[in-house]
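Below is one structure; the comments refer to it alone.
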Amino acid sequence: MRYLYHSSGNLPKHEFSVDMNCEGCAEAVSRVLNKLGGVQFNIDLPNKKVYIESEHSTDTLLTTLNKTGKTVCYIGPK
Amino acid sequence: TQETVININGMTCNSCVQSIEGVISKKPGVKSIHVSLANSTGTVEYDPLLTSPETLREAIEDMGFDAVLPD
Ligand SMILES: [Cu+2]
Ligand SMILES: [Cu+2]
């Protein structure tokens, strides 16, 4: 999957685990994050991880990921 | 009780089906939902006083899928 090399450096980075099983699940996650906006993210499908760089609070990010109906856990800052 | 069939694109596996059924069945006014991966549809029984096909369609969109009401 796509990896972000152009990290802006100063945005907080968060690691989440999201129960995704295939590309389609990852696509649904991408869509909810793109709808929120103001996020740069990288999805690691094999490890079921989502890395997000954003100004949004952890709560906002968690609420957004929860919209997918998938099991989501906040791992911590990265 | 009324029934609506919503076309859902972007579902690729059974966990998508379970996610949608899990989230939508908890929405106000929803009596039952059956999602078919093979047909790309969600069949919802709902109380028209509490919800509408458009509200349900938006709720599915919010989950990261493409949802379209039949004409
Ligand atoms: Cu999947
Ligand atoms: Cu899926």
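Ligands are numbered from 1 in the order shown, chains are lettered A, B, ... in the order of the structure tokens, and residues start at 1 in each chain.
For chain B, the residues within 7 Å of chain A are Gly10, Met11, Thr12, Cys16, Ser19, Ile20, Val23, Asp62, Met63, Gly64 and Phe65 of chain B, with only C-alpha atoms used to measure distance.
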Worksheet item: Which residues come within 12 Å of Asn47 in chain A, counting only C-alpha atoms, excluding same-chain residues fewer than 2 positions away, as a VMD selection string?
Response: chain A and resid 1 15 to 22 26 42 to 45 49 to 51
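Across the structure, CA of Gly76 in chain A and CA of Lys13 in chain A are spaced 8.7 Å apart.
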Worksheet entry | Every residue of chain A that DSSP places in strand (DSSP E), as an MDAnalysis selection string | chainID A and resid 13:18 39:44 49:54 72:77
Discussion item. Using DSSP secondary structure from the backbone, list all helix (DSSP H, G or I) positions within range 22-64 of chain A, as JSON, numbers by chain.
Written reply: {"A": [23, 24, 25, 26, 27, 28, 29, 30, 31, 32, 33, 34, 35, 36, 58, 59, 60, 61, 62, 63, 64]}
Practice prompt. Would you please work out which residue, of B:Val30, B:Glu21, B:Glu61, B:Val35, is nearest to Asp47 in chain B when using only C-alpha atoms?
Written response: B:Val30
